[in-house]
Structure formats: C-alpha cells, structure tokens
>>> print(open('structure34.txt').read())   # compact mmCIF, C-alpha atoms
# COMPACT_ATOMS: atom_id res chain seq x y z
CA MET A 43 -29.55 -13.83 4.90
CA ARG A 44 -28.49 -10.19 4.96
CA THR A 45 -25.21 -8.74 3.69
CA LEU A 46 -23.78 -5.35 4.56
CA ILE A 47 -22.85 -2.99 1.72
CA ILE A 48 -20.23 -0.39 2.63
CA GLY A 49 -19.36 2.25 0.05
CA HIS A 50 -16.44 4.62 -0.43
CA ASP A 51 -17.55 7.41 1.90
CA ASP A 52 -18.48 4.99 4.67
CA VAL A 53 -15.06 3.30 4.45
CA LEU A 54 -13.45 6.68 5.08
CA LYS A 55 -15.56 7.09 8.22
CA LEU A 56 -14.90 3.59 9.53
CA LEU A 57 -11.20 3.25 8.70
CA PRO A 58 -9.25 6.34 9.80
CA MET A 59 -5.52 6.19 9.13
CA ALA A 60 -4.49 5.79 12.78
CA ASP A 61 -6.83 2.81 13.22
CA CYS A 62 -5.62 1.24 10.00
CA VAL A 63 -1.95 1.45 10.97
CA GLY A 64 -2.68 -0.57 14.10
CA VAL A 65 -4.74 -3.11 12.17
CA MET A 66 -1.97 -3.54 9.61
CA GLU A 67 0.71 -4.01 12.26
CA GLU A 68 -1.24 -6.86 13.87
CA THR A 69 -1.97 -8.36 10.45
CA PHE A 70 1.69 -8.45 9.49
CA LYS A 71 2.63 -10.05 12.78
CA ALA A 72 0.06 -12.78 12.10
CA LEU A 73 1.40 -13.16 8.55
CA SER A 74 4.98 -13.67 9.72
CA ARG A 75 3.82 -16.10 12.43
CA GLY A 76 2.27 -18.23 9.69
CA GLU A 77 -1.30 -17.76 10.93
CA THR A 78 -2.75 -16.40 7.68
CA LEU A 79 -3.39 -17.86 4.25
CA GLN A 80 -2.05 -15.68 1.46
CA PRO A 81 -1.97 -17.15 -2.07
CA LEU A 82 -0.34 -15.21 -4.86
CA ARG A 83 -2.76 -12.96 -6.70
CA GLN A 84 -4.25 -13.99 -10.03
CA THR A 85 -4.18 -11.34 -12.73
CA MET A 86 -5.78 -11.11 -16.16
CA TRP A 87 -4.78 -8.35 -18.57
CA LEU A 88 -7.33 -7.14 -21.08
CA PRO A 89 -6.39 -7.82 -24.71
CA ASP A 90 -5.48 -4.18 -25.32
CA ARG A 91 -3.36 -4.07 -22.11
CA LYS A 92 -5.33 -1.03 -21.03
CA GLY A 93 -6.19 -2.53 -17.68
CA VAL A 94 -5.91 -5.61 -15.49
CA LEU A 95 -8.34 -7.57 -13.32
CA ALA A 96 -6.82 -8.99 -10.12
CA LEU A 97 -8.28 -11.58 -7.74
CA MET A 98 -6.74 -11.70 -4.26
CA PRO A 99 -8.04 -14.34 -1.79
CA SER A 100 -6.90 -14.70 1.83
CA TYR A 101 -7.66 -15.86 5.36
CA VAL A 102 -6.94 -14.02 8.61
CA PRO A 103 -7.33 -15.20 12.24
CA ASN A 104 -8.50 -13.61 15.51
CA PRO A 105 -11.38 -13.49 14.71
CA PRO A 106 -11.19 -15.76 11.68
CA ALA A 107 -12.42 -14.44 8.35
CA VAL A 108 -12.01 -15.42 4.72
CA GLY A 109 -12.43 -13.25 1.68
CA VAL A 110 -11.30 -12.03 -1.68
CA LYS A 111 -10.60 -8.69 -3.29
CA ALA A 112 -11.68 -8.36 -6.91
CA ILE A 113 -10.25 -5.19 -8.38
CA THR A 114 -9.45 -3.58 -11.71
CA VAL A 115 -6.40 -1.40 -12.23
CA PHE A 116 -6.56 1.06 -15.12
CA PRO A 117 -3.50 3.37 -14.93
CA GLY A 118 -4.87 5.58 -17.69
CA ASN A 119 -7.67 6.72 -15.41
CA VAL A 120 -5.35 9.41 -14.11
CA ASN A 121 -6.75 11.51 -16.96
CA SER A 122 -10.39 10.66 -16.26
CA ARG A 123 -12.95 11.08 -13.48
CA TYR A 124 -12.36 7.50 -12.29
CA GLU A 125 -9.84 6.12 -9.79
CA SER A 126 -7.18 3.76 -11.14
CA HIS A 127 -8.20 1.04 -8.62
CA GLN A 128 -11.87 0.00 -8.55
CA GLY A 129 -13.53 -3.07 -7.09
CA VAL A 130 -14.85 -4.74 -3.96
CA VAL A 131 -13.67 -6.79 -1.00
CA LEU A 132 -15.96 -9.73 -0.19
CA LEU A 133 -15.89 -10.62 3.51
CA PHE A 134 -17.09 -14.10 4.55
CA GLU A 135 -17.29 -15.71 7.98
CA SER A 136 -15.39 -18.99 8.29
CA GLU A 137 -17.95 -21.11 10.19
CA ASN A 138 -20.63 -21.47 7.51
CA GLY A 139 -19.18 -19.37 4.71
CA ARG A 140 -21.79 -16.62 4.92
CA LEU A 141 -21.13 -13.45 2.95
CA LEU A 142 -21.02 -10.78 5.65
CA ALA A 143 -20.09 -7.68 3.70
CA ILE A 144 -19.29 -6.18 0.32
CA VAL A 145 -16.89 -3.29 0.82
CA ASP A 146 -15.52 -0.72 -1.63
CA ALA A 147 -11.99 -1.86 -2.48
CA GLY A 148 -10.63 1.39 -3.92
CA SER A 149 -10.88 3.26 -0.63
CA ILE A 150 -9.55 0.30 1.37
CA THR A 151 -6.59 -0.01 -0.99
CA LYS A 152 -5.80 3.67 -0.70
CA ILE A 153 -5.85 3.71 3.10
CA ARG A 154 -4.28 0.33 3.86
CA THR A 155 -1.40 0.81 1.41
CA ALA A 156 -0.39 4.07 3.08
CA ALA A 157 -0.97 2.61 6.55
CA VAL A 158 1.43 -0.25 5.79
CA SER A 159 4.00 2.29 4.60
CA ALA A 160 3.48 4.16 7.86
CA ALA A 161 4.12 0.99 9.86
CA ALA A 162 7.31 0.38 7.87
CA THR A 163 8.39 4.01 8.26
CA LYS A 164 7.99 3.76 12.04
CA MET A 165 10.44 0.86 12.04
CA LEU A 166 12.90 1.97 9.34
CA ALA A 167 13.05 5.75 8.87
CA ARG A 168 15.25 7.94 11.01
CA THR A 169 13.27 9.45 13.87
CA ASP A 170 14.38 12.95 12.89
CA SER A 171 13.07 12.67 9.31
CA SER A 172 11.15 15.89 8.68
CA LYS A 173 11.36 16.31 4.89
CA LEU A 174 9.21 14.15 2.64
CA ALA A 175 9.36 13.59 -1.11
CA ILE A 176 6.36 12.09 -2.89
CA LEU A 177 6.73 10.86 -6.45
CA GLY A 178 3.25 10.76 -7.93
CA SER A 179 0.24 13.00 -7.36
CA GLY A 180 -2.77 10.69 -7.21
CA ALA A 181 -4.82 9.08 -4.46
CA GLN A 182 -1.85 7.19 -3.01
CA ALA A 183 0.23 10.35 -2.91
CA ALA A 184 -2.36 12.10 -0.74
CA ALA A 185 -2.81 9.05 1.49
CA HIS A 186 0.94 8.73 1.99
CA LEU A 187 1.26 12.36 2.95
CA GLU A 188 -1.32 11.77 5.67
CA ALA A 189 0.33 8.53 6.76
CA MET A 190 3.87 9.89 6.90
CA ALA A 191 2.75 12.94 8.88
CA ALA A 192 1.14 10.56 11.39
CA VAL A 193 4.41 8.77 12.21
CA ARG A 194 7.18 11.33 11.62
CA PRO A 195 7.49 15.09 12.32
CA ILE A 196 7.03 16.15 8.70
CA GLU A 197 7.72 19.86 8.23
CA ARG A 198 8.17 20.16 4.48
CA VAL A 199 6.98 18.20 1.44
CA ARG A 200 7.99 18.13 -2.21
CA VAL A 201 5.90 16.41 -4.85
CA TRP A 202 6.85 15.40 -8.38
CA SER A 203 4.58 14.11 -11.13
CA ARG A 204 5.10 13.24 -14.78
CA ASN A 205 2.35 15.79 -15.33
CA PRO A 206 3.61 19.12 -13.90
CA ASP A 207 0.10 20.53 -13.64
CA HIS A 208 -0.96 17.60 -11.46
CA ALA A 209 1.99 18.23 -9.16
CA LYS A 210 1.10 21.91 -8.86
CA ASN A 211 -2.54 21.16 -8.11
CA PHE A 212 -1.55 18.54 -5.54
CA ALA A 213 0.83 20.96 -3.85
CA LYS A 214 -1.79 23.70 -3.65
CA ASN A 215 -4.58 21.45 -2.39
CA GLU A 216 -2.53 19.54 0.16
CA SER A 217 -0.84 22.68 1.49
CA GLU A 218 -4.26 24.09 2.28
CA ARG A 219 -5.61 20.81 3.66
CA ARG A 220 -2.64 19.82 5.83
CA GLY A 221 -1.31 23.20 6.85
CA LEU A 222 2.13 22.14 5.62
CA PRO A 223 4.36 23.71 2.98
CA VAL A 224 4.04 21.43 -0.06
CA ASP A 225 6.07 22.40 -3.14
CA ALA A 226 5.87 21.05 -6.69
CA ALA A 227 9.28 19.92 -7.96
CA GLY A 228 10.25 20.07 -11.61
CA THR A 229 12.44 16.95 -11.50
CA VAL A 230 12.81 13.83 -9.37
CA ARG A 231 16.29 14.99 -8.38
CA GLU A 232 14.86 18.28 -7.11
CA ALA A 233 12.08 16.46 -5.26
CA VAL A 234 14.22 13.98 -3.32
CA ALA A 235 17.28 16.10 -2.54
CA GLY A 236 17.77 16.33 1.23
CA CYS A 237 14.61 14.37 2.08
CA GLY A 238 14.66 11.75 4.81
CA ILE A 239 11.64 9.89 3.41
CA ILE A 240 10.71 9.17 -0.21
CA CYS A 241 7.39 7.60 -1.26
CA THR A 242 7.00 6.35 -4.82
CA THR A 243 3.30 6.13 -5.69
CA THR A 244 3.21 6.08 -9.49
CA ALA A 245 2.04 3.75 -12.25
CA ALA A 246 5.43 3.94 -13.97
CA THR A 247 6.54 1.09 -16.20
CA SER A 248 10.18 2.22 -16.23
CA PRO A 249 12.26 3.49 -13.29
CA ILE A 250 11.67 7.00 -12.03
CA LEU A 251 13.90 6.86 -8.91
CA GLU A 252 17.58 6.32 -9.66
CA GLY A 253 20.04 4.99 -7.14
CA LYS A 254 22.49 7.78 -7.87
CA LEU A 255 20.00 10.23 -6.32
CA LEU A 256 19.84 8.46 -2.96
CA GLU A 257 21.59 10.02 0.02
CA PRO A 258 22.82 8.48 3.28
CA GLY A 259 20.05 8.04 5.86
CA MET A 260 17.15 8.05 3.41
CA HIS A 261 14.17 5.71 3.71
CA ILE A 262 12.07 4.76 0.66
CA ASN A 263 8.54 3.37 0.56
CA ALA A 264 8.04 1.94 -2.95
CA VAL A 265 4.35 1.10 -3.42
CA GLY A 266 3.27 1.99 -6.95
CA ALA A 267 4.49 -1.11 -8.82
CA SER A 268 2.79 -4.34 -7.72
CA VAL A 269 2.98 -6.52 -10.86
CA PRO A 270 4.97 -6.42 -14.12
CA PRO A 271 5.44 -4.36 -16.20
CA PHE A 272 5.19 -1.66 -13.53
CA ARG A 273 8.53 -0.57 -12.10
CA GLU A 274 9.57 2.55 -10.17
CA LEU A 275 13.16 1.88 -9.00
CA ASP A 276 16.27 1.37 -11.04
CA SER A 277 18.59 -1.49 -10.15
CA GLU A 278 21.14 0.74 -8.42
CA ALA A 279 18.47 2.03 -6.02
CA VAL A 280 17.63 -1.51 -4.93
CA VAL A 281 21.27 -2.59 -4.70
CA ARG A 282 22.25 0.39 -2.55
CA SER A 283 19.39 -0.13 -0.09
CA ARG A 284 18.81 -2.42 2.89
CA LEU A 285 15.66 -4.07 1.54
CA PHE A 286 12.57 -5.09 3.48
CA VAL A 287 9.29 -6.31 1.98
CA ASP A 288 5.68 -6.98 2.87
CA ARG A 289 6.08 -10.67 1.96
CA ARG A 290 9.03 -12.54 0.49
CA GLU A 291 7.10 -14.92 -1.78
CA SER A 292 5.00 -12.13 -3.24
CA THR A 293 8.03 -9.91 -3.85
CA VAL A 294 10.05 -12.65 -5.57
CA ASN A 295 7.13 -13.63 -7.81
CA GLU A 296 5.37 -10.32 -8.45
CA SER A 297 7.73 -7.36 -8.09
CA GLU A 298 9.53 -6.06 -11.16
CA ASP A 299 11.46 -3.65 -8.91
CA PHE A 300 13.07 -6.74 -7.35
CA SER A 301 13.10 -9.12 -10.33
CA ALA A 302 14.88 -6.74 -12.73
CA PRO A 303 18.11 -6.38 -10.73
CA LYS A 304 17.91 -10.08 -9.88
CA ARG A 305 17.83 -10.98 -13.59
CA GLU A 306 20.82 -8.72 -14.09
CA GLY A 307 22.75 -10.73 -11.51
CA LEU A 308 23.11 -7.76 -9.16
CA ILE A 309 21.14 -9.28 -6.25
CA ASP A 310 19.68 -12.59 -5.19
CA ASP A 311 16.82 -13.52 -2.86
CA GLY A 312 19.15 -13.00 0.11
CA HIS A 313 19.11 -9.27 -0.59
CA ILE A 314 15.74 -9.23 1.18
CA LYS A 315 16.64 -8.68 4.83
CA GLY A 316 13.19 -9.48 6.20
CA GLU A 317 9.44 -8.97 6.07
CA LEU A 318 7.70 -6.13 7.85
CA GLY A 319 6.18 -8.65 10.26
CA ASP A 320 9.66 -9.91 11.15
CA ILE A 321 10.68 -6.40 12.21
CA LEU A 322 7.47 -5.85 14.19
CA LEU A 323 8.01 -9.15 16.02
CA GLY A 324 11.63 -8.28 16.81
CA ARG A 325 12.99 -11.17 14.75
CA VAL A 326 14.92 -8.91 12.39
CA LYS A 327 16.56 -5.58 13.05
CA GLY A 328 15.48 -2.71 10.82
CA ARG A 329 17.77 0.28 10.49
CA ASN A 330 21.30 -0.44 11.71
CA THR A 331 22.87 3.01 11.33
CA GLN A 332 21.81 6.59 10.78
CA ALA A 333 23.63 6.62 7.46
CA GLU A 334 22.31 3.50 5.73
CA ILE A 335 19.57 3.65 3.12
CA THR A 336 16.48 1.57 3.87
CA LEU A 337 13.86 0.46 1.35
CA PHE A 338 10.40 -0.99 1.99
CA LYS A 339 9.06 -2.62 -1.16
CA SER A 340 5.31 -3.19 -1.02
CA VAL A 341 3.34 -5.15 -3.61
CA GLY A 342 0.09 -5.13 -1.61
CA LEU A 343 -1.40 -8.23 0.03
CA ALA A 344 -4.89 -9.66 0.23
CA VAL A 345 -4.57 -10.09 4.00
CA GLU A 346 -4.36 -6.31 4.28
CA ASP A 347 -7.66 -5.85 2.45
CA LEU A 348 -9.38 -8.63 4.39
CA ALA A 349 -8.20 -7.40 7.79
CA ALA A 350 -9.32 -3.87 6.90
CA ALA A 351 -12.73 -5.14 5.73
CA ARG A 352 -13.14 -7.19 8.92
CA HIS A 353 -12.30 -4.11 11.04
CA ILE A 354 -14.79 -2.01 9.05
CA PHE A 355 -17.53 -4.63 9.42
CA ARG A 356 -17.05 -4.95 13.18
CA LYS A 357 -16.99 -1.17 13.62
CA SER A 358 -20.12 -0.75 11.51
CA GLU A 359 -22.08 -2.92 13.94
CA SER A 360 -21.81 -0.23 16.62
CA THR A 361 -22.15 2.80 14.33
CA GLN A 362 -25.05 1.65 12.11
CA ILE A 363 -23.12 2.79 9.04
CA GLY A 364 -23.78 0.97 5.77
CA SER A 365 -26.77 -0.61 4.05
CA TRP A 366 -28.11 -4.14 4.54
CA VAL A 367 -29.44 -6.15 1.61
CA GLY A 368 -30.83 -9.66 1.29
CA LEU A 369 -28.78 -11.64 -1.23
CA SER A 370 -29.74 -15.20 -0.28
CA ALA A 371 -32.21 -17.07 1.90
CA PRO A 372 -31.33 -19.71 4.52
CA ARG A 373 -31.81 -23.27 3.34
CA ASP A 374 -35.13 -24.92 4.22
CA MET A 375 -34.27 -27.77 6.58
CA ASN A 376 -37.71 -29.45 6.32
>>> encode(input="structure34.txt", output="structure tokens")
Amino acid sequence: MRTLIIGHDDVLKLLPMADCVGVMEETFKALSRGETLQPLRQTMWLPDRKGVLALMPSYVPNPPAVGVKAITVFPGNVNSRYESHQGVVLLFESENGRLLAIVDAGSITKIRTAAVSAAATKMLARTDSSKLAILGSGAQAAAHLEAMAAVRPIERVRVWSRNPDHAKNFAKNESERRGLPVDAAGTVREAVAGCGIICTTTAATSPILEGKLLEPGMHINAVGASVPPFRELDSEAVVRSRLFVDRRESTVNESEDFSAPKREGLIDDGHIKGELGDILLGRVKGRNTQAEITLFKSVGLAVEDLAAARHIFRKSESTQIGSWVGLSAPRDMN
C-alpha cells in the first residue's frame, strides 16, 4: 500500500491562507455540532524541560478521516535554524484504517493557527479595524499578519519582540513583502496603543499583555500559549474581555491564560461566552458593541490539523504534488 509524503514547501502550495480559513470555519461548525472526536492532547516534557512532545488524535467527518499530530515544541529554537514546532500529521482513512498521508506538521500548524484567528477576527473584530499589533516576531507572527490582512483592511502594523533585533528584522522583511508599513515597537504599550487588533504569538511563560493597556473596541487573538507554563495575558486582560475560545474543554484543562485568573477567583467557567463554532453557527452573538473588548483564546486543536491534512491530501490528488512511498503490503488473503 502506498502513502503520500507531503513536505513543508508542498504544504505551502496546497494550503493557501484563504483556503485554510474556509476549511477551519467548516471544521469548527462540525466541532460545535458534536460531529468530531477531539480528545485532550497528551504531552510529555523532556527531563530538562527544554522541550515537549505532544500527541493530538482526532476524527473529522464529511468525508470521514482519523489521524494524529505528533509534534515537538522547543521554544528555545528561536535562536537556532530550527522552527519551534516540528513534527508530522498522520492521516488515515476510516474504512480500513489505511495510512493515506504523512504531512509536515510545522507548516500546517503555522497556517491553520493563523487561519483560525482570521475566522475569529471576521466574527469579533470591528469591521473598521485597520491598525494591527503583533506581539512576537516568529513564524506565527508572519502568518498572522497575512491572515489579518486577508479579513480586515489593515493599513499599519506594529510588532514587538522580547528581542528588539528580531522585531526590527521582522518589520523590515514584512514591510517589503506585504507592501505595508510595519514598525518595530520598543515596548508592548507602544505596540498596542490605538490598534484595533492585537495578536499575541509568543512563547512567553509570564504575561506580556496587561489588561491596563487594553482600549475600548480592541480585539485580541491570543495563540502563543497552549499548555502550562506558557502564558501571555495577565488576569486583568482576561477579566476585561468578552472571552471566546476554540473549545471549552480544551481551554479549561489546558490554558494557563484562563486557569490563572480562575485560580485567583476572578472568573469562572461561565466567563467563556462561547466557542468559535457557536458564533459561526449563529448560536452565540460575538461582538455586542463597538466599545467592548473581545478576546479569542486559542490553544490549538487536533481537528484543525486533521482537517487541513485531509484538504491537502485531496488537493494533491489533482495536482500531483508530493511523493508516494510503499510502507506496507496488503494482507495475503490466500
């Protein structure tokens, strides 16, 4: 039996941002309708706490597929030639359990995370939001710039990084690539002031975005912290915001941005107003007023990776992109 191998560069060809936003919207509708299977991720930290291995299984319908993402997260790679997220998505068909494809997980994670933020921004950010602040300067920062520009009329961008040189390089490179003015900010306060949209894309383990810096009408996409001890938002930022999430169970069990203010007694589970799928299905209203602050907290879900891998596999069949290998032989029925 043959299995398709799809690497980083081929993922970029087969999963453009606009396509991925649509795929993610349909996936989140299916999630909120209860049509998917989405266990909590299993994580294993290395003894030196330098990195973590995560296993993320799931099932998606229409057409049905089952799979798992196996990925390592090494935040310290920001200072190396390697991405912080590395791994594969294994795509199986659900009739006989055949392994259809092995797909690069780092590129899928980069694109699908930003695409989900774009879907949330469409539903929650003010339509006139034209100024964007990005906290972080890595792969997710670049992907979120692309995603935000796809759904809102972004005219100006500020970027902040704990490493000022990284912020300056990001600003220079993305200004040239996007044809937009992108400025490096010296502080988080300077970066977010007057911005309608804020994206936090860091590997911070203590809050970088304080609630006292938030202004009426802002929308925040918080995506950098998926499991403890990573945390990007202080408690005041969460308390002040109308909070929406990718999935309630995952947020309550995996998000330090949510759990910290909950432990402090400042919020309870009812502070979550709804899942992204609930908004997309019209079950829950997103933004109520022009002045309120909205927050989309994303921890990243296996159904996103699986749906993206399924889309890539189906698209590859008509484009002949990828490499086929024989990993196993059919069973001899004689």
>>> residues_around(input="structure34.txt", residues="Ala72 of chain A", least_positions_apart="5", cutoff="10 Å", atoms="all atoms listed in the file", output="mmCIF file with C-alpha atoms, keeping the file's coordinate frame")
data_model
loop_
_atom_site.group_PDB
_atom_site.id
_atom_site.type_symbol
_atom_site.label_atom_id
_atom_site.label_comp_id
_atom_site.auth_asym_id
_atom_site.auth_seq_id
_atom_site.Cartn_x
_atom_site.Cartn_y
_atom_site.Cartn_z
ATOM 1 C CA MET A 66 -1.970 -3.540 9.610
ATOM 2 C CA GLU A 67 0.710 -4.010 12.260
ATOM 3 C CA GLU A 77 -1.300 -17.760 10.930
ATOM 4 C CA THR A 78 -2.750 -16.400 7.680
ATOM 5 C CA LEU A 79 -3.390 -17.860 4.250
ATOM 6 C CA VAL A 102 -6.940 -14.020 8.610
ATOM 7 C CA PRO A 103 -7.330 -15.200 12.240
ATOM 8 C CA ASN A 104 -8.500 -13.610 15.510
ATOM 9 C CA GLY A 319 6.180 -8.650 10.260
ATOM 10 C CA LEU A 323 8.010 -9.150 16.020
ATOM 11 C CA VAL A 345 -4.570 -10.090 4.000
#
>>> atom_distance(input="structure34.txt", atom1="atom CA of Ala235 of chain A", atom2="atom CA of Ala279 of chain A")
14.5 Å
>>> closest_residue(input="structure34.txt", among="A:Pro258, A:Pro117, A:Gly364, A:Gly76", to="Arg289 of chain A", atoms="all atoms listed in the file")
A:Gly76
>>> closest_atom_pairs(input="structure34.txt", of="segment 242-334 of chain A", to="segment 139-156 of chain A", cutoff="10 Å", atoms="all atoms listed in the file", output="tab-separated table")
residue	atom	partner	partner_atom	distance
A:Thr243	CA	A:Ala156	CA	9.7
A:Asn263	CA	A:Ala156	CA	9.3
A:Val265	CA	A:Thr155	CA	7.5
A:Gly266	CA	A:Thr155	CA	9.6
>>> residues_around(input="structure34.txt", residues="Leu337 of chain A", least_positions_apart="3", cutoff="7 Å", atoms="only C-alpha atoms", output="list in words")
His261, Ile262, Asn263, Ser283, Arg284, Leu285 and Phe286 of chain A
